[in-house]
Every structure is written in structure tokens, then in C-alpha cells.
>>> print(open('query.pdb').read())   # PDB, C-alpha atoms
ATOM      1  CA  MET A   1      18.745  70.412  74.880
ATOM      2  CA  THR A   2      21.726  68.356  73.908
ATOM      3  CA  ARG A   3      19.686  65.213  74.334
ATOM      4  CA  PHE A   4      16.963  66.601  72.127
ATOM      5  CA  ILE A   5      19.475  67.440  69.433
ATOM      6  CA  ARG A   6      20.983  63.978  69.626
ATOM      7  CA  TRP A   7      17.556  62.433  69.423
ATOM      8  CA  SER A   8      16.659  64.585  66.429
ATOM      9  CA  LEU A   9      19.890  63.700  64.674
ATOM     10  CA  GLY A  10      19.377  60.024  65.391
ATOM     11  CA  GLY A  11      15.837  60.188  64.136
ATOM     12  CA  SER A  12      16.896  61.937  60.972
ATOM     13  CA  VAL A  13      19.563  59.374  60.335
ATOM     14  CA  ALA A  14      17.070  56.594  60.897
ATOM     15  CA  LEU A  15      14.595  58.171  58.543
ATOM     16  CA  MET A  16      17.288  58.632  55.930
ATOM     17  CA  LEU A  17      18.376  55.018  56.311
ATOM     18  CA  ALA A  18      14.771  53.843  56.070
ATOM     19  CA  ALA A  19      14.202  55.966  52.987
ATOM     20  CA  PHE A  20      17.421  54.641  51.433
ATOM     21  CA  VAL A  21      16.548  51.064  52.181
ATOM     22  CA  GLY A  22      13.024  51.594  50.883
ATOM     23  CA  GLY A  23      14.344  53.168  47.716
ATOM     24  CA  CYS A  24      16.736  50.267  47.136
ATOM     25  CA  ALA A  25      13.944  47.789  47.688
ATOM     26  CA  GLN A  26      11.691  49.668  45.295
ATOM     27  CA  ASN A  27      14.432  49.814  42.684
ATOM     28  CA  LYS A  28      15.015  46.096  43.118
ATOM     29  CA  LEU A  29      11.312  45.354  42.709
ATOM     30  CA  GLN A  30      11.179  47.563  39.629
ATOM     31  CA  ALA A  31      14.178  45.752  38.144
ATOM     32  CA  GLU A  32      12.599  42.364  38.855
ATOM     33  CA  ARG A  33       9.340  43.577  37.342
ATOM     34  CA  ASN A  34      11.109  44.763  34.205
ATOM     35  CA  GLN A  35      12.937  41.443  33.959
ATOM     36  CA  LEU A  36       9.678  39.513  34.283
ATOM     37  CA  LEU A  37       8.054  41.696  31.631
ATOM     38  CA  GLN A  38      10.976  41.042  29.303
ATOM     39  CA  GLN A  39      10.779  37.286  29.927
ATOM     40  CA  ASN A  40       7.028  37.424  29.334
ATOM     41  CA  GLN A  41       7.557  39.151  25.996
ATOM     42  CA  GLN A  42      10.122  36.536  24.996
ATOM     43  CA  LEU A  43       7.729  33.730  25.961
ATOM     44  CA  GLN A  44       4.913  35.384  24.023
ATOM     45  CA  GLN A  45       7.161  35.609  20.963
ATOM     46  CA  GLN A  46       8.194  31.951  21.288
ATOM     47  CA  LEU A  47       4.538  30.954  21.686
ATOM     48  CA  SER A  48       3.598  32.884  18.552
ATOM     49  CA  GLU A  49       6.396  31.201  16.597
ATOM     50  CA  ALA A  50       5.336  27.778  17.891
ATOM     51  CA  ARG A  51       1.730  28.438  16.882
ATOM     52  CA  ALA A  52       2.834  29.541  13.431
ATOM     53  CA  GLY A  53       4.947  26.379  13.057
ATOM     54  CA  LEU A  54       2.046  24.221  14.238
ATOM     55  CA  ALA A  55      -0.316  25.865  11.772
ATOM     56  CA  SER A  56       2.180  25.275   8.948
ATOM     57  CA  THR A  57       2.593  21.628   9.984
ATOM     58  CA  ARG A  58      -1.176  21.131  10.090
ATOM     59  CA  ALA A  59      -1.534  22.673   6.653
ATOM     60  CA  GLN A  60       1.138  20.343   5.234
ATOM     61  CA  LEU A  61      -0.492  17.346   6.935
ATOM     62  CA  ALA A  62      -3.896  18.281   5.545
ATOM     63  CA  GLN A  63      -2.400  18.614   2.060
ATOM     64  CA  GLN A  64      -0.706  15.218   2.324
ATOM     65  CA  GLN A  65      -3.940  13.656   3.545
ATOM     66  CA  GLN A  66      -5.793  15.117   0.582
ATOM     67  CA  ILE A  67      -3.180  13.751  -1.809
ATOM     68  CA  ALA A  68      -3.324  10.324  -0.140
ATOM     69  CA  ALA A  69      -7.127  10.321  -0.212
ATOM     70  CA  ALA A  70      -7.131  11.239  -3.894
ATOM     71  CA  ALA A  71      -4.631   8.484  -4.657
ATOM     72  CA  GLN A  72      -6.687   5.929  -2.721
ATOM     73  CA  ALA A  73      -9.844   7.013  -4.485
ATOM     74  CA  GLN A  74      -8.163   6.720  -7.864
ATOM     75  CA  GLN A  75      -6.776   3.298  -6.997
ATOM     76  CA  ALA A  76     -10.152   2.117  -5.732
ATOM     77  CA  ALA A  77     -11.840   3.369  -8.884
ATOM     78  CA  SER A  78      -9.310   1.686 -11.161
ATOM     79  CA  THR A  79      -9.533  -1.543  -9.161
ATOM     80  CA  GLN A  80     -13.301  -1.493  -9.278
ATOM     81  CA  THR A  81     -13.380  -1.029 -13.035
ATOM     82  CA  ALA A  82     -10.562  -3.470 -13.793
ATOM     83  CA  ARG A  83     -11.181  -6.319 -11.368
ATOM     84  CA  PRO A  84     -14.188  -8.596 -11.836
ATOM     85  CA  THR A  85     -16.064 -10.243  -8.985
ATOM     86  CA  GLY A  86     -14.329 -13.286  -7.549
ATOM     87  CA  TYR A  87     -10.844 -12.272  -8.657
ATOM     88  CA  THR A  88      -7.952 -13.490  -6.508
ATOM     89  CA  THR A  89      -4.311 -12.699  -7.184
ATOM     90  CA  MET A  90      -1.668 -14.924  -5.669
ATOM     91  CA  LEU A  91       1.886 -13.611  -5.819
ATOM     92  CA  PRO A  92       2.577 -11.073  -7.131
ATOM     93  CA  THR A  93      -0.307  -8.607  -6.825
ATOM     94  CA  PHE A  94      -1.257  -6.705  -9.939
ATOM     95  CA  LYS A  95      -4.326  -5.365 -11.676
ATOM     96  CA  ASN A  96      -6.494  -7.598 -13.766
ATOM     97  CA  ARG A  97      -7.398  -6.981 -17.366
ATOM     98  CA  SER A  98     -10.023  -8.686 -19.493
ATOM     99  CA  SER A  99      -8.590 -11.804 -21.094
ATOM    100  CA  VAL A 100      -8.784 -11.270 -24.836
ATOM    101  CA  GLY A 101      -7.691 -14.729 -25.909
ATOM    102  CA  ALA A 102      -6.689 -16.078 -29.240
ATOM    103  CA  ARG A 103      -9.664 -16.687 -31.537
ATOM    104  CA  VAL A 104     -12.171 -15.619 -28.861
ATOM    105  CA  ALA A 105     -14.801 -13.154 -30.071
ATOM    106  CA  PRO A 106     -15.875 -10.322 -27.696
ATOM    107  CA  ARG A 107     -19.409 -11.710 -27.314
ATOM    108  CA  ARG A 108     -18.101 -15.104 -26.361
ATOM    109  CA  LEU A 109     -15.699 -13.416 -23.962
ATOM    110  CA  VAL A 110     -18.520 -11.578 -22.183
ATOM    111  CA  ARG A 111     -20.564 -14.758 -21.858
ATOM    112  CA  ARG A 112     -17.519 -16.596 -20.572
ATOM    113  CA  ARG A 113     -16.835 -13.956 -17.902
ATOM    114  CA  ARG A 114     -20.422 -14.212 -16.694
ATOM    115  CA  ARG A 115     -19.945 -17.930 -16.115
ATOM    116  CA  GLU A 116     -16.987 -17.360 -13.750
ATOM    117  CA  ILE A 117     -17.107 -17.602  -9.957
ATOM    118  CA  ARG A 118     -13.471 -17.037  -9.009
ATOM    119  CA  ARG A 119     -10.175 -16.501 -10.765
ATOM    120  CA  PHE A 120      -6.807 -17.340  -9.205
ATOM    121  CA  VAL A 121      -3.822 -15.611 -10.830
ATOM    122  CA  LEU A 122      -0.464 -17.329 -10.405
ATOM    123  CA  SER A 123       2.802 -15.712 -11.440
ATOM    124  CA  SER A 124       4.703 -17.791 -13.981
ATOM    125  CA  ASP A 125       7.951 -16.456 -12.520
ATOM    126  CA  LEU A 126       6.946 -18.190  -9.296
ATOM    127  CA  LEU A 127       5.807 -21.381 -10.987
ATOM    128  CA  PHE A 128       8.399 -21.876 -13.741
ATOM    129  CA  ALA A 129      11.899 -21.045 -14.831
ATOM    130  CA  SER A 130      12.405 -18.914 -17.935
ATOM    131  CA  ALA A 131      11.109 -20.565 -21.151
ATOM    132  CA  SER A 132      10.161 -23.667 -19.146
ATOM    133  CA  ALA A 133       6.911 -25.425 -18.287
ATOM    134  CA  ARG A 134       8.364 -27.483 -15.434
ATOM    135  CA  LEU A 135       7.031 -26.496 -12.014
ATOM    136  CA  GLN A 136       9.604 -25.216  -9.534
ATOM    137  CA  PRO A 137       9.680 -26.501  -5.925
ATOM    138  CA  ARG A 138       9.025 -23.018  -4.518
ATOM    139  CA  SER A 139       5.613 -22.964  -6.224
ATOM    140  CA  LEU A 140       4.265 -26.020  -4.444
ATOM    141  CA  HIS A 141       2.840 -24.249  -1.382
ATOM    142  CA  VAL A 142       0.793 -21.887  -3.586
ATOM    143  CA  LEU A 143      -0.491 -24.669  -5.821
ATOM    144  CA  LEU A 144      -1.348 -26.836  -2.821
ATOM    145  CA  HIS A 145      -3.403 -23.984  -1.411
ATOM    146  CA  VAL A 146      -5.258 -23.608  -4.713
ATOM    147  CA  ALA A 147      -5.865 -27.357  -4.851
ATOM    148  CA  TYR A 148      -7.250 -27.287  -1.318
ATOM    149  CA  LEU A 149      -9.691 -24.492  -2.194
ATOM    150  CA  LEU A 150     -10.797 -26.300  -5.348
ATOM    151  CA  ARG A 151     -11.446 -29.492  -3.362
ATOM    152  CA  THR A 152     -13.309 -27.837  -0.479
ATOM    153  CA  ARG A 153     -15.060 -24.663  -1.608
ATOM    154  CA  TYR A 154     -15.567 -25.537  -5.281
ATOM    155  CA  ALA A 155     -15.760 -29.309  -5.170
ATOM    156  CA  ARG A 156     -18.398 -29.639  -7.919
ATOM    157  CA  ARG A 157     -17.354 -26.757 -10.156
ATOM    158  CA  ARG A 158     -15.680 -26.979 -13.528
ATOM    159  CA  ILE A 159     -12.234 -25.418 -13.821
ATOM    160  CA  ARG A 160     -10.482 -23.733 -16.733
ATOM    161  CA  ILE A 161      -6.707 -23.265 -16.554
ATOM    162  CA  GLU A 162      -5.448 -20.432 -18.779
ATOM    163  CA  GLY A 163      -1.817 -19.929 -19.744
ATOM    164  CA  PHE A 164      -0.452 -16.447 -20.589
ATOM    165  CA  THR A 165       3.014 -15.250 -21.653
ATOM    166  CA  ASP A 166       4.751 -11.973 -22.442
ATOM    167  CA  ASN A 167       5.311 -10.839 -26.024
ATOM    168  CA  ARG A 168       8.994 -11.668 -26.311
ATOM    169  CA  PRO A 169       9.797 -14.097 -29.141
ATOM    170  CA  ILE A 170      10.593 -17.663 -28.118
ATOM    171  CA  HIS A 171      12.271 -20.343 -30.231
ATOM    172  CA  HIS A 172      13.507 -23.104 -27.932
ATOM    173  CA  PRO A 173      12.228 -25.507 -26.747
ATOM    174  CA  TYR A 174       8.752 -24.194 -27.672
ATOM    175  CA  ARG A 175       8.155 -22.792 -31.125
ATOM    176  CA  ASN A 176       5.998 -19.860 -29.922
ATOM    177  CA  ASN A 177       4.391 -18.277 -26.869
ATOM    178  CA  TYR A 178       1.057 -19.952 -27.491
ATOM    179  CA  VAL A 179       2.638 -23.401 -27.167
ATOM    180  CA  LEU A 180       4.545 -22.310 -24.055
ATOM    181  CA  GLY A 181       1.367 -20.975 -22.427
ATOM    182  CA  LEU A 182      -0.459 -24.225 -23.147
ATOM    183  CA  ALA A 183       2.394 -26.329 -21.743
ATOM    184  CA  ARG A 184       2.397 -24.297 -18.534
ATOM    185  CA  ALA A 185      -1.376 -24.553 -18.180
ATOM    186  CA  ARG A 186      -1.151 -28.331 -18.605
ATOM    187  CA  SER A 187       1.604 -28.527 -15.972
ATOM    188  CA  VAL A 188      -0.705 -26.842 -13.472
ATOM    189  CA  GLU A 189      -3.531 -29.133 -14.593
ATOM    190  CA  ASN A 190      -1.372 -32.224 -13.995
ATOM    191  CA  PHE A 191      -0.383 -30.977 -10.553
ATOM    192  CA  LEU A 192      -3.999 -30.389  -9.547
ATOM    193  CA  ALA A 193      -4.952 -33.814 -10.880
ATOM    194  CA  ARG A 194      -2.272 -35.398  -8.671
ATOM    195  CA  HIS A 195      -3.744 -33.606  -5.661
ATOM    196  CA  GLY A 196      -7.345 -34.673  -5.816
ATOM    197  CA  ILE A 197      -8.899 -32.627  -8.626
ATOM    198  CA  SER A 198     -10.658 -34.738 -11.249
ATOM    199  CA  ARG A 199      -9.427 -34.257 -14.798
ATOM    200  CA  ARG A 200     -13.042 -34.322 -15.947
ATOM    201  CA  ARG A 201     -13.538 -30.999 -14.191
ATOM    202  CA  MET A 202     -10.499 -29.297 -15.757
ATOM    203  CA  LYS A 203      -9.568 -27.913 -19.142
ATOM    204  CA  ALA A 204      -6.214 -26.298 -20.031
ATOM    205  CA  VAL A 205      -6.116 -23.537 -22.667
ATOM    206  CA  SER A 206      -3.548 -21.005 -23.841
ATOM    207  CA  PHE A 207      -3.896 -17.324 -24.726
ATOM    208  CA  GLY A 208      -0.181 -16.792 -25.352
ATOM    209  CA  ASP A 209       0.728 -13.115 -25.426
ATOM    210  CA  HIS A 210      -2.775 -11.863 -26.335
ATOM    211  CA  ASP A 211      -3.490 -10.383 -22.880
ATOM    212  CA  MET A 212      -0.824  -7.832 -21.977
ATOM    213  CA  VAL A 213      -1.328  -6.668 -18.396
ATOM    214  CA  SER A 214       1.633  -4.265 -18.409
ATOM    215  CA  THR A 215       3.673  -2.635 -21.148
ATOM    216  CA  THR A 216       6.620  -1.901 -18.835
ATOM    217  CA  ASP A 217       6.809  -4.919 -16.519
ATOM    218  CA  LEU A 218       6.644  -8.100 -18.570
ATOM    219  CA  ALA A 219       6.684 -10.225 -15.426
ATOM    220  CA  LEU A 220       3.034  -9.307 -14.910
ATOM    221  CA  ASP A 221       2.124 -10.807 -18.295
ATOM    222  CA  ARG A 222       3.666 -14.192 -17.505
ATOM    223  CA  ARG A 223       0.987 -15.980 -15.501
ATOM    224  CA  VAL A 224      -1.388 -18.925 -15.217
ATOM    225  CA  GLU A 225      -4.988 -18.217 -14.229
ATOM    226  CA  VAL A 226      -7.132 -20.930 -12.622
ATOM    227  CA  VAL A 227     -10.795 -20.075 -13.263
ATOM    228  CA  VAL A 228     -13.719 -21.578 -11.359
ATOM    229  CA  LEU A 229     -16.840 -21.721 -13.532
ATOM    230  CA  ARG A 230     -20.483 -21.641 -12.489
TER     231      ARG A 230
END
>>> encode(input="query.pdb", output="C-alpha cells")
Amino acid sequence: MTRFIRWSLGGSVALMLAAFVGGCAQNKLQAERNQLLQQNQQLQQQLSEARAGLASTRAQLAQQQQIAAAAQAQQAASTQTARPTGYTTMLPTFKNRSSVGARVAPRRLVRRRRREIRRFVLSSDLLFASASARLQPRSLHVLLHVAYLLRTRYARRRIRIEGFTDNRPIHHPYRNNYVLGLARARSVENFLARHGISRRRMKAVSFGDHDMVSTTDLALDRRVEVVVLR
């Protein structure tokens, strides 16, 4: 009897211990489950925020791309309307405008443009010092390149060299901008003649300040244009 009681007590204690251990394990699993659910909710919230930020970034990128595309389209349209066929700008780059020269009627201007093959635009700030028609050493590489093209690609074509200035008054050593433009055009003509271009093919003219390319940046108005004719 005593043994049976001892066995019963031992079994009860074992069952109680097993139930206690099982309860602790279940509580631990429940706590871990709750912790995982909480972490999952936090990750879901972070994912939602990241998606919202990505959507906002994509919207801003799309807007910037639309603005850039519109700007490129506008620039292409303006370039297409302003720049004739065969137009080449050589330092610095700027838009071309129709050359309305001194004493040149519009009809003659249209006919003259139709006779052009290519037009090289050379910055006077690169070629000359201020109020000077003497070529600077730094301009030689550009002029040599133009001379090479005229000798090779346009060997039998006539050439017109046009001088342009800004609209600022000039008094010394040239009495006006027209005279300065002509002197600069002749300087380029003399250089080309020294580098294999026949003078019979060339003619230097001046348009002075009658073709204003820019009203804000006068450096764009000071230029010499070498025109290859058909």
C-alpha cells in the first residue's frame, strides 16, 4: 500500500512537472510568435514606406524627363528653323541667324543663301584682340583646319569671307565697325591665301554690326564667317 502511495505521489509530481514544463514551453512559443508577428508588422510598414518613397522618386524622375524632353524638342525646333544646311560653328557654339548685310536686299539675300554649301563661323574673340584685325597665335589651329577643308573637300569652290562686329561704337584705329569687319575678313583671307587657297576663289566682305546674333552676349556678334559657295 505504501509503495502504491509513493508511486502515485511520484506519478503526480511527474505529471505536474511535465505540465509545468509544457506550459512554459507553450508560453515561450507564444512569446516568440508574438515577437515574430510584431517584427513582421514593422517590416510591412517599412516596405510600405519604401514603396511610397520609390513611387515618389519615379514620379519626380518622370517629371524631370518630361521637362528635359520638352527642352530638347524646343532646342531642336529652334535649331532647325535657325540653322541652314551646311552650317558649321567653330568655337564658340551659338545659334545662327540670317545675315542681313549692309546694302543687301532680302531677295538678293535669299538667292545668296541658296548658293551656299557650307558656312564656317569663327569667333572674333578667338581670332583677334579687341578692336584689332591682327590674327592671334591661338587662332592658328582653327584656321589651319578650315584651310585644310577648303583645300580638300571644296577645292574648286568659290569662297566668301564675311566680317561681323558687335554694335559698340569704335573710333580707333578703325573709324567704324564696317571697316573693322572688313579688315578682319581680309586678315582671314590673307591667312588662307598663305596656306594654299587661291585668291581668285576668295572674296572678303563686311557686314559690320548689321547681323546681331545676341542682344545680351556681344561676343556672339563678333565673328568671321567663311562661306563655301556652289
>>> residues_around(input="query.pdb", residues="Ala131 in chain A", least_positions_apart="2", cutoff="12 Å", atoms="only C-alpha atoms", output="MDAnalysis selection string")
chainID A and resid 124:125 127:129 133:135 165:166 168:181 183:184 222
>>> atom_distance(input="query.pdb", atom1="CA of Phe120 in chain A", atom2="CA of Ala69 in chain A")
29.1 Å
>>> resolve_selection(input="query.pdb", expression="the PyMOL selection byres ((chain A and resi 157-160) around 10)", output="NGL selection string")
:A and (116-119 or 150-151 or 153-156 or 161-163 or 185 or 189 or 197-205 or 225-230)
>>> atom_distance(input="query.pdb", atom1="CA of Leu192 in chain A", atom2="CA of Val146 in chain A")
8.4 Å
>>> atom_distance(input="query.pdb", atom1="CA of Ala31 in chain A", atom2="CA of Glu49 in chain A")
27.1 Å
>>> closest_residue(input="query.pdb", among="A:Met212, A:Leu143, A:Leu149, A:Val121", to="Val224 in chain A", atoms="all atoms listed in the file")
A:Val121
>>> axis_aligned_box(input="query.pdb", around="range 209-228 of chain A", padding_each_side="4 Å", output="JSON")
{"center_x": -3.5, "center_y": -11.7, "center_z": -18.8, "size_x": 28.5, "size_y": 27.7, "size_z": 23.0}
>>> residues_around(input="query.pdb", residues="Phe191 in chain A", least_positions_apart="3", cutoff="10 Å", atoms="only C-alpha atoms", output="list in words")
Leu135, Leu140, Leu143, Leu144, Ala147, Arg186, Ser187, Val188, Arg194, His195, Gly196 and Ile197 of chain A
>>> decode(input="query.pdb", residues="range 118-206 of chain A", atoms="C-alpha atoms", output="PDB file, in the first residue's frame")
ATOM      1  CA  ARG A 118      28.803  75.292 -96.042  1.00  0.00           C
ATOM      2  CA  ARG A 119      29.370  78.113 -93.601  1.00  0.00           C
ATOM      3  CA  PHE A 120      32.169  78.126 -91.023  1.00  0.00           C
ATOM      4  CA  VAL A 121      31.655  80.547 -88.123  1.00  0.00           C
ATOM      5  CA  LEU A 122      34.798  81.705 -86.339  1.00  0.00           C
ATOM      6  CA  SER A 123      34.701  83.715 -83.128  1.00  0.00           C
ATOM      7  CA  SER A 124      36.481  87.049 -83.456  1.00  0.00           C
ATOM      8  CA  ASP A 125      37.416  86.817 -79.776  1.00  0.00           C
ATOM      9  CA  LEU A 126      39.399  83.717 -80.712  1.00  0.00           C
ATOM     10  CA  LEU A 127      40.912  85.232 -83.835  1.00  0.00           C
ATOM     11  CA  PHE A 128      41.659  88.821 -82.784  1.00  0.00           C
ATOM     12  CA  ALA A 129      42.297  91.077 -79.845  1.00  0.00           C
ATOM     13  CA  SER A 130      39.792  93.819 -79.048  1.00  0.00           C
ATOM     14  CA  ALA A 131      39.478  96.456 -81.823  1.00  0.00           C
ATOM     15  CA  SER A 132      42.209  94.669 -83.795  1.00  0.00           C
ATOM     16  CA  ALA A 133      42.372  92.845 -87.117  1.00  0.00           C
ATOM     17  CA  ARG A 134      45.672  91.091 -86.398  1.00  0.00           C
ATOM     18  CA  LEU A 135      45.339  87.324 -86.011  1.00  0.00           C
ATOM     19  CA  GLN A 136      46.328  85.907 -82.631  1.00  0.00           C
ATOM     20  CA  PRO A 137      48.584  82.822 -82.365  1.00  0.00           C
ATOM     21  CA  ARG A 138      45.884  80.823 -80.561  1.00  0.00           C
ATOM     22  CA  SER A 139      43.657  81.029 -83.651  1.00  0.00           C
ATOM     23  CA  LEU A 140      46.087  79.286 -85.971  1.00  0.00           C
ATOM     24  CA  HIS A 141      44.954  75.704 -85.309  1.00  0.00           C
ATOM     25  CA  VAL A 142      41.333  76.595 -86.158  1.00  0.00           C
ATOM     26  CA  LEU A 143      42.266  78.494 -89.305  1.00  0.00           C
ATOM     27  CA  LEU A 144      44.600  75.714 -90.425  1.00  0.00           C
ATOM     28  CA  HIS A 145      41.748  73.246 -90.075  1.00  0.00           C
ATOM     29  CA  VAL A 146      39.483  75.474 -92.172  1.00  0.00           C
ATOM     30  CA  ALA A 147      42.211  75.858 -94.791  1.00  0.00           C
ATOM     31  CA  TYR A 148      42.639  72.089 -94.931  1.00  0.00           C
ATOM     32  CA  LEU A 149      38.907  71.559 -95.506  1.00  0.00           C
ATOM     33  CA  LEU A 150      38.832  74.235 -98.202  1.00  0.00           C
ATOM     34  CA  ARG A 151      41.773  72.595 -99.995  1.00  0.00           C
ATOM     35  CA  THR A 152      40.468  69.021 -99.789  1.00  0.00           C
ATOM     36  CA  ARG A 153      36.674  68.942 -99.672  1.00  0.00           C
ATOM     37  CA  TYR A 154      35.953  72.202-101.507  1.00  0.00           C
ATOM     38  CA  ALA A 155      38.977  72.524-103.749  1.00  0.00           C
ATOM     39  CA  ARG A 156      37.095  74.035-106.716  1.00  0.00           C
ATOM     40  CA  ARG A 157      34.515  76.099-104.851  1.00  0.00           C
ATOM     41  CA  ARG A 158      34.401  79.855-104.527  1.00  0.00           C
ATOM     42  CA  ILE A 159      34.676  81.267-101.016  1.00  0.00           C
ATOM     43  CA  ARG A 160      33.191  84.382 -99.441  1.00  0.00           C
ATOM     44  CA  ILE A 161      34.669  85.638 -96.164  1.00  0.00           C
ATOM     45  CA  GLU A 162      32.235  87.783 -94.155  1.00  0.00           C
ATOM     46  CA  GLY A 163      33.244  90.019 -91.266  1.00  0.00           C
ATOM     47  CA  PHE A 164      30.778  90.863 -88.454  1.00  0.00           C
ATOM     48  CA  THR A 165      31.111  93.033 -85.330  1.00  0.00           C
ATOM     49  CA  ASP A 166      29.007  93.999 -82.326  1.00  0.00           C
ATOM     50  CA  ASN A 167      27.186  97.329 -82.170  1.00  0.00           C
ATOM     51  CA  ARG A 168      29.529  99.145 -79.813  1.00  0.00           C
ATOM     52  CA  PRO A 169      30.977 102.358 -81.275  1.00  0.00           C
ATOM     53  CA  ILE A 170      34.601 102.211 -82.389  1.00  0.00           C
ATOM     54  CA  HIS A 171      36.904 105.147 -83.119  1.00  0.00           C
ATOM     55  CA  HIS A 172      40.496 103.905 -83.108  1.00  0.00           C
ATOM     56  CA  PRO A 173      42.232 102.642 -85.159  1.00  0.00           C
ATOM     57  CA  TYR A 174      39.200 101.947 -87.391  1.00  0.00           C
ATOM     58  CA  ARG A 175      36.649 104.670 -87.962  1.00  0.00           C
ATOM     59  CA  ASN A 176      33.616 102.340 -87.701  1.00  0.00           C
ATOM     60  CA  ASN A 177      32.547  98.722 -87.289  1.00  0.00           C
ATOM     61  CA  TYR A 178      32.121  98.202 -91.012  1.00  0.00           C
ATOM     62  CA  VAL A 179      35.797  98.984 -91.623  1.00  0.00           C
ATOM     63  CA  LEU A 180      36.826  96.755 -88.711  1.00  0.00           C
ATOM     64  CA  GLY A 181      34.747  93.849 -90.040  1.00  0.00           C
ATOM     65  CA  LEU A 182      36.296  94.218 -93.487  1.00  0.00           C
ATOM     66  CA  ALA A 183      39.832  94.339 -92.065  1.00  0.00           C
ATOM     67  CA  ARG A 184      39.216  91.150 -90.095  1.00  0.00           C
ATOM     68  CA  ALA A 185      37.738  89.380 -93.115  1.00  0.00           C
ATOM     69  CA  ARG A 186      40.792  90.356 -95.170  1.00  0.00           C
ATOM     70  CA  SER A 187      43.123  89.066 -92.437  1.00  0.00           C
ATOM     71  CA  VAL A 188      41.456  85.662 -92.662  1.00  0.00           C
ATOM     72  CA  GLU A 189      41.613  85.877 -96.460  1.00  0.00           C
ATOM     73  CA  ASN A 190      45.362  86.588 -96.346  1.00  0.00           C
ATOM     74  CA  PHE A 191      45.933  83.678 -93.981  1.00  0.00           C
ATOM     75  CA  LEU A 192      44.053  81.266 -96.235  1.00  0.00           C
ATOM     76  CA  ALA A 193      45.963  82.559 -99.252  1.00  0.00           C
ATOM     77  CA  ARG A 194      49.252  81.809 -97.467  1.00  0.00           C
ATOM     78  CA  HIS A 195      48.063  78.254 -96.843  1.00  0.00           C
ATOM     79  CA  GLY A 196      47.165  77.124-100.313  1.00  0.00           C
ATOM     80  CA  ILE A 197      43.841  78.801-101.109  1.00  0.00           C
ATOM     81  CA  SER A 198      43.873  80.778-104.352  1.00  0.00           C
ATOM     82  CA  ARG A 199      42.917  84.428-104.027  1.00  0.00           C
ATOM     83  CA  ARG A 200      40.870  84.064-107.202  1.00  0.00           C
ATOM     84  CA  ARG A 201      38.491  81.831-105.272  1.00  0.00           C
ATOM     85  CA  MET A 202      38.043  84.224-102.330  1.00  0.00           C
ATOM     86  CA  LYS A 203      36.259  87.486-101.690  1.00  0.00           C
ATOM     87  CA  ALA A 204      36.253  89.398 -98.375  1.00  0.00           C
ATOM     88  CA  VAL A 205      33.189  91.471 -97.424  1.00  0.00           C
ATOM     89  CA  SER A 206      31.967  93.212 -94.285  1.00  0.00           C
TER      90      SER A 206
END
